[in-house]
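Right, one structure below, let's go through it.
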Amino acid sequence: MDPLVIVAIAAAFAGVAAGWLLGSRLAATLRRERDAAVENHRSAVADLAVAEERAKQLPALQEQLHALTAERNTALQETAALRPVAARVAPLEAEIATLRAERQQLAEAKAAFEKGEEERRRAYEEQLANLKDLETKVETRFGELAGKALEGAHDSFLKRAEERFKHSEQLASNGLKALLQPVNERLQRYEEGVAKVEAERRDAFGNLVGLIESMRVGQEKVSAEAAKLVNSLRNAPKSRGRWGEQQLKNVLETCGLTENCDFQTEVSVESEDGRLRPDVIIRIPGGRTLIIDAKVSLNAYQDAFGAVDEAERNIGLAAHAAAMRAHVTTLGNKAYQNQFGNSPDYVIMFVPGEHFLSAALEHDPSLWDYAFDRKVLLATPTNLIAIARSVASVWQQEALAKNARDIALLGKELYDRLAKVGEDLRRVGTGLNSAVTNFNTFTNSFNSRLVSTGRKFRELNIETGSRELDDVPKVEALASAGEVAMIEARPIDEAAE
């Protein structure tokens with residue numbers, strides 16, 4: 001056969017074999033991919049079923065979520081409400097926890113001790129049983145030999161054993177007491193602390209009850225006094241006037257003004273219409289005066305305050321505003337400012353409460369302008385305090401100015417006196433210099449004439465005594481200011497020479 005044919009056949013078989021191998025591998029790969037796709041499809045179907053089931057449960061879960069949210073909000077509100085209580089309870093809980101821990105430790109210590117005591121008791125009982133067994137054996141073994149001779153030894157042995165056992169029991173009891181003593185002390189302190197806290201709580205509650213009772217009694221007294229004051233102000237015009245004057249006086253004194261010094265009360269003057277008596281006259285620097293009246297009627301306001309319904313209250317407040325306007329008219333007609341020299345061109349109408357004036361202005365808004373047109377200035381305690389403080393400040397400034405003038409006069413007088421003293425000192429200095437000069441001249445004459453002549457007695461061996469005849473030293477004249485300056489300006493070396 002032709003080799004080429006053989007090669008071609010072999011190549012064909014090889015190609016078929018290769019194609020078969022590749023086809024089988026490709027088929028296997030496709031089968032695996034198909035199986036994987038089927039499995040994925042099944043998983044997707046299962047997941048879809050689970051998702052559908054969860055979707056069916058979604059409304060129920062949402063309701064549960066809403067319920068849990070509401071419960072959470074309620075719990076947060078309750079927690080916020082309980083925070084102050086928790087802040088107070090926390091220290092008590094900490095103390096209780098500490099006491100419980102100490103009690104638990106003591107209980108454990110007690111249990112451990114009781115356990116050890118039980119073990120020691122069992123050991124003691126075992127030893128006692130052993131001793132009794134030994135005693136039985138001894139009696140059995142030596143009973144026949146010792147007889148009555150051993151009965152005394154037996155009794156002595158039992159007695160010593162009993163004493164030993166009693167001693168051991170006493171030691172164990174003492175040890176138990178020593179171990180339980182701290183426990184008892186702790187428990188006793190705990191009980192005392194609880195009793196003290198309870199006693200303090202009862203005392204605090206009793207004090208609170210007493211304070212409430214005293215407040216109730218005080219409130220009743222205040223109500224009674226207020227009722228008396230209202231009746232007095234309503235039924236006694238003089239009392240009402242005195243009350244207003246006292247309020248006015250308190251305001252002025254609070255601002256630092258002094259009665260009979262800075263202001264005067266109930267000063268009477270004669271006028272064409274009769275005698276006028278303003279309540280207070282305030283002195284202002286410069287010889288000026290400020291006039292204040294405090295006789296305003298408040299009966300209508302008291303009626304309105306005690307009204308049982310709104311209509312009656314409005315009627316009372318309207319009457320109160322009318323009474324205020326009538327009093328303004330009266331003050332404008334009296335013209336206090338014209339009866340006192342150097343007085344401002346208005347008079348102050350003092351209303352002893354802000355609420356009195358505000359109630360009147362509420363029902364008569366033009367009352368302020370009406371009073372101002374009649375040269376009446378409405379003043380409540382707040383306004384009057386500002387006016388009185390201004391007056392007090394002016395008096396202080398006046399006092400400071402007077403002090404400054406007095407200080408200026410004193411300074412001038414002091415300067416004149418200093419000049420006079422300087423002249424006297426200069427004359428004294430001149431006299432001192434003249435005296436020093438005359439003294440030194442006399443000293444020179446005394447030393448040169450008298451002393452030298454006196455020393456000749458000793459040269460002639462005449463007894464003169466033990467005293468020496470010395471020269472009288474001169475007195476150094478005081479340096480003038482110019483000489484002192486020249487000496488201080490000299491160099492140190494020249495000064496040393």
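Quick note on naming: the chains in the structure tokens go A, B, ... in the order shown, residues restart at 1 in each chain, and ligands are numbered from 1 in order of appearance.
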*asked:* Using only C-alpha atoms, which protein or nucleic acid residues come within 12 Å of Phe372 (chain A)? Drop anything in the same chain fewer than 3 positions from it, and give the result as a ChimeraX atom specification.
replied: /A:325,328-329,331-332,345-349,366-369,375-379
May I have the selected residues written with C-alpha atoms, as a PDB file, in the first residue's frame?
ATOM      1  CA  ARG A 325     -59.857 111.152  88.374  1.00  0.00           C
ATOM      2  CA  VAL A 328     -56.684 114.452  90.475  1.00  0.00           C
ATOM      3  CA  THR A 329     -59.251 117.214  89.925  1.00  0.00           C
ATOM      4  CA  LEU A 331     -55.355 118.307  93.672  1.00  0.00           C
ATOM      5  CA  GLY A 332     -55.354 120.419  90.530  1.00  0.00           C
ATOM      6  CA  ASP A 345     -44.918 123.589  88.675  1.00  0.00           C
ATOM      7  CA  TYR A 346     -46.609 120.311  89.626  1.00  0.00           C
ATOM      8  CA  VAL A 347     -47.636 118.238  92.635  1.00  0.00           C
ATOM      9  CA  ILE A 348     -46.998 114.505  92.993  1.00  0.00           C
ATOM     10  CA  MET A 349     -50.038 112.285  93.646  1.00  0.00           C
ATOM     11  CA  SER A 366     -56.647 109.153  79.456  1.00  0.00           C
ATOM     12  CA  LEU A 367     -56.204 109.525  83.221  1.00  0.00           C
ATOM     13  CA  TRP A 368     -52.463 110.147  82.923  1.00  0.00           C
ATOM     14  CA  ASP A 369     -52.870 112.955  80.370  1.00  0.00           C
ATOM     15  CA  LYS A 375     -50.133 119.721  86.821  1.00  0.00           C
ATOM     16  CA  VAL A 376     -50.518 116.511  88.802  1.00  0.00           C
ATOM     17  CA  LEU A 377     -47.884 113.780  88.421  1.00  0.00           C
ATOM     18  CA  LEU A 378     -49.108 110.235  89.164  1.00  0.00           C
ATOM     19  CA  ALA A 379     -46.426 108.287  91.040  1.00  0.00           C
TER      20      ALA A 379
END
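Neighbouring residues of Val251 (chain A) at 7 Å or closer, counting only C-alpha atoms and skipping chain neighbours under 4 positions away, are Gln247, Cys255, Pro381 and Ile385 of chain A.
Separating CA of Thr265 (chain A) from CA of Asp279 (chain A) is a distance of 5.5 Å.
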*Find the spatial neighbours of Arg313 (chain A), counting only C-alpha atoms, within a cut-off of 10 Å - ignore same-chain residues fewer than 3 positions away - and output them as a PyMOL selection string.*
chain A and resi 300-310+316-319
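For the pair CA of Phe263 (chain A) and CA of Lys249 (chain A), the interatomic distance is 9.3 Å.
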*Neighbours of Val351 (chain A) within 12 Å (only C-alpha atoms; same-chain residues fewer than 2 positions away dropped), as a PyMOL selection string?*
chain A and resi 241+243-245+247-248+251+292-298+324+327-328+348-349+353-360+377-384
Atoms kept (N, CA and C atoms) for selection, written as a compact mmCIF listing (two decimals), in the first residue's frame:
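Ended up saving to selection_39.txt:
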# COMPACT_ATOMS: atom_id res chain seq x y z
N GLY A 241 -55.66 107.19 105.34
CA GLY A 241 -54.69 108.25 105.09
C GLY A 241 -53.36 107.99 105.78
N TRP A 243 -52.19 105.08 106.53
CA TRP A 243 -51.53 103.97 105.84
C TRP A 243 -50.80 104.47 104.59
N GLY A 244 -51.47 105.34 103.80
CA GLY A 244 -50.81 105.90 102.62
C GLY A 244 -49.61 106.74 102.99
N GLU A 245 -49.73 107.56 104.06
CA GLU A 245 -48.60 108.37 104.50
C GLU A 245 -47.45 107.50 104.97
N GLN A 247 -46.78 104.41 103.95
CA GLN A 247 -46.16 103.84 102.76
C GLN A 247 -45.24 104.85 102.09
N LEU A 248 -45.70 106.09 101.99
CA LEU A 248 -44.88 107.14 101.39
C LEU A 248 -43.62 107.39 102.20
N VAL A 251 -41.06 104.59 101.64
CA VAL A 251 -40.37 104.72 100.36
C VAL A 251 -39.26 105.77 100.45
N ILE A 292 -45.89 116.31 97.82
CA ILE A 292 -46.46 114.98 97.55
C ILE A 292 -47.75 114.84 98.35
N ASP A 293 -48.79 114.31 97.71
CA ASP A 293 -50.07 114.03 98.35
C ASP A 293 -50.32 112.52 98.30
N ALA A 294 -50.83 111.93 99.42
CA ALA A 294 -51.06 110.48 99.49
C ALA A 294 -52.45 110.16 100.01
N LYS A 295 -53.45 111.00 99.71
CA LYS A 295 -54.80 110.81 100.26
C LYS A 295 -55.76 110.18 99.26
N VAL A 296 -55.26 109.45 98.29
CA VAL A 296 -56.13 108.86 97.28
C VAL A 296 -57.01 107.78 97.92
N SER A 297 -58.26 107.70 97.50
CA SER A 297 -59.21 106.72 98.03
C SER A 297 -59.11 105.42 97.24
N LEU A 298 -59.14 104.28 97.98
CA LEU A 298 -59.02 102.96 97.37
C LEU A 298 -60.22 102.07 97.69
N MET A 324 -60.11 108.05 91.23
CA MET A 324 -58.77 108.57 90.96
C MET A 324 -58.85 109.88 90.18
N HIS A 327 -59.92 112.70 92.47
CA HIS A 327 -58.85 113.17 93.35
C HIS A 327 -57.84 114.00 92.57
N VAL A 328 -57.56 113.63 91.31
CA VAL A 328 -56.68 114.45 90.47
C VAL A 328 -57.28 115.85 90.30
N ILE A 348 -47.06 115.95 93.19
CA ILE A 348 -47.00 114.50 92.99
C ILE A 348 -48.15 113.86 93.75
N MET A 349 -48.95 113.06 93.04
CA MET A 349 -50.04 112.28 93.65
C MET A 349 -49.53 110.85 93.83
N GLY A 353 -49.52 101.66 95.33
CA GLY A 353 -49.37 100.34 94.73
C GLY A 353 -49.46 100.42 93.23
N GLU A 354 -48.63 99.61 92.54
CA GLU A 354 -48.65 99.62 91.08
C GLU A 354 -50.01 99.16 90.55
N HIS A 355 -50.59 98.15 91.22
CA HIS A 355 -51.83 97.58 90.73
C HIS A 355 -52.99 98.57 90.84
N PHE A 356 -52.94 99.48 91.83
CA PHE A 356 -54.00 100.48 91.94
C PHE A 356 -54.03 101.39 90.70
N LEU A 357 -52.84 101.87 90.31
CA LEU A 357 -52.78 102.78 89.17
C LEU A 357 -53.04 102.04 87.86
N SER A 358 -52.50 100.83 87.71
CA SER A 358 -52.71 100.08 86.46
C SER A 358 -54.18 99.75 86.26
N ALA A 359 -54.90 99.42 87.36
CA ALA A 359 -56.33 99.13 87.24
C ALA A 359 -57.10 100.38 86.81
N ALA A 360 -56.71 101.54 87.35
CA ALA A 360 -57.40 102.77 86.95
C ALA A 360 -57.10 103.12 85.49
N LEU A 377 -48.71 114.89 88.89
CA LEU A 377 -47.88 113.78 88.42
C LEU A 377 -48.24 112.53 89.21
N LEU A 378 -48.76 111.50 88.51
CA LEU A 378 -49.11 110.24 89.16
C LEU A 378 -47.83 109.45 89.43
N ALA A 379 -47.66 108.99 90.66
CA ALA A 379 -46.43 108.29 91.04
C ALA A 379 -46.77 107.08 91.90
N THR A 380 -46.29 105.93 91.46
CA THR A 380 -46.37 104.70 92.25
C THR A 380 -45.08 104.55 93.05
N PRO A 381 -44.97 103.55 93.93
CA PRO A 381 -43.71 103.38 94.66
C PRO A 381 -42.49 103.27 93.76
N THR A 382 -42.63 102.62 92.59
CA THR A 382 -41.49 102.49 91.69
C THR A 382 -41.05 103.85 91.17
N ASN A 383 -42.01 104.65 90.67
CA ASN A 383 -41.66 105.97 90.16
C ASN A 383 -41.14 106.88 91.27
N LEU A 384 -41.78 106.80 92.44
CA LEU A 384 -41.36 107.67 93.54
C LEU A 384 -39.96 107.31 94.03
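Using only C-alpha atoms, the shortest contact distance between Arg389 (chain A) and any of A:Asn438, A:Thr254, A:Gln105, A:Thr74 is found at A:Thr254.
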*Tell me, in Å to one decimal, how far CA of Glu191 (chain A) is from CA of Glu108 (chain A).*
19.6 Å
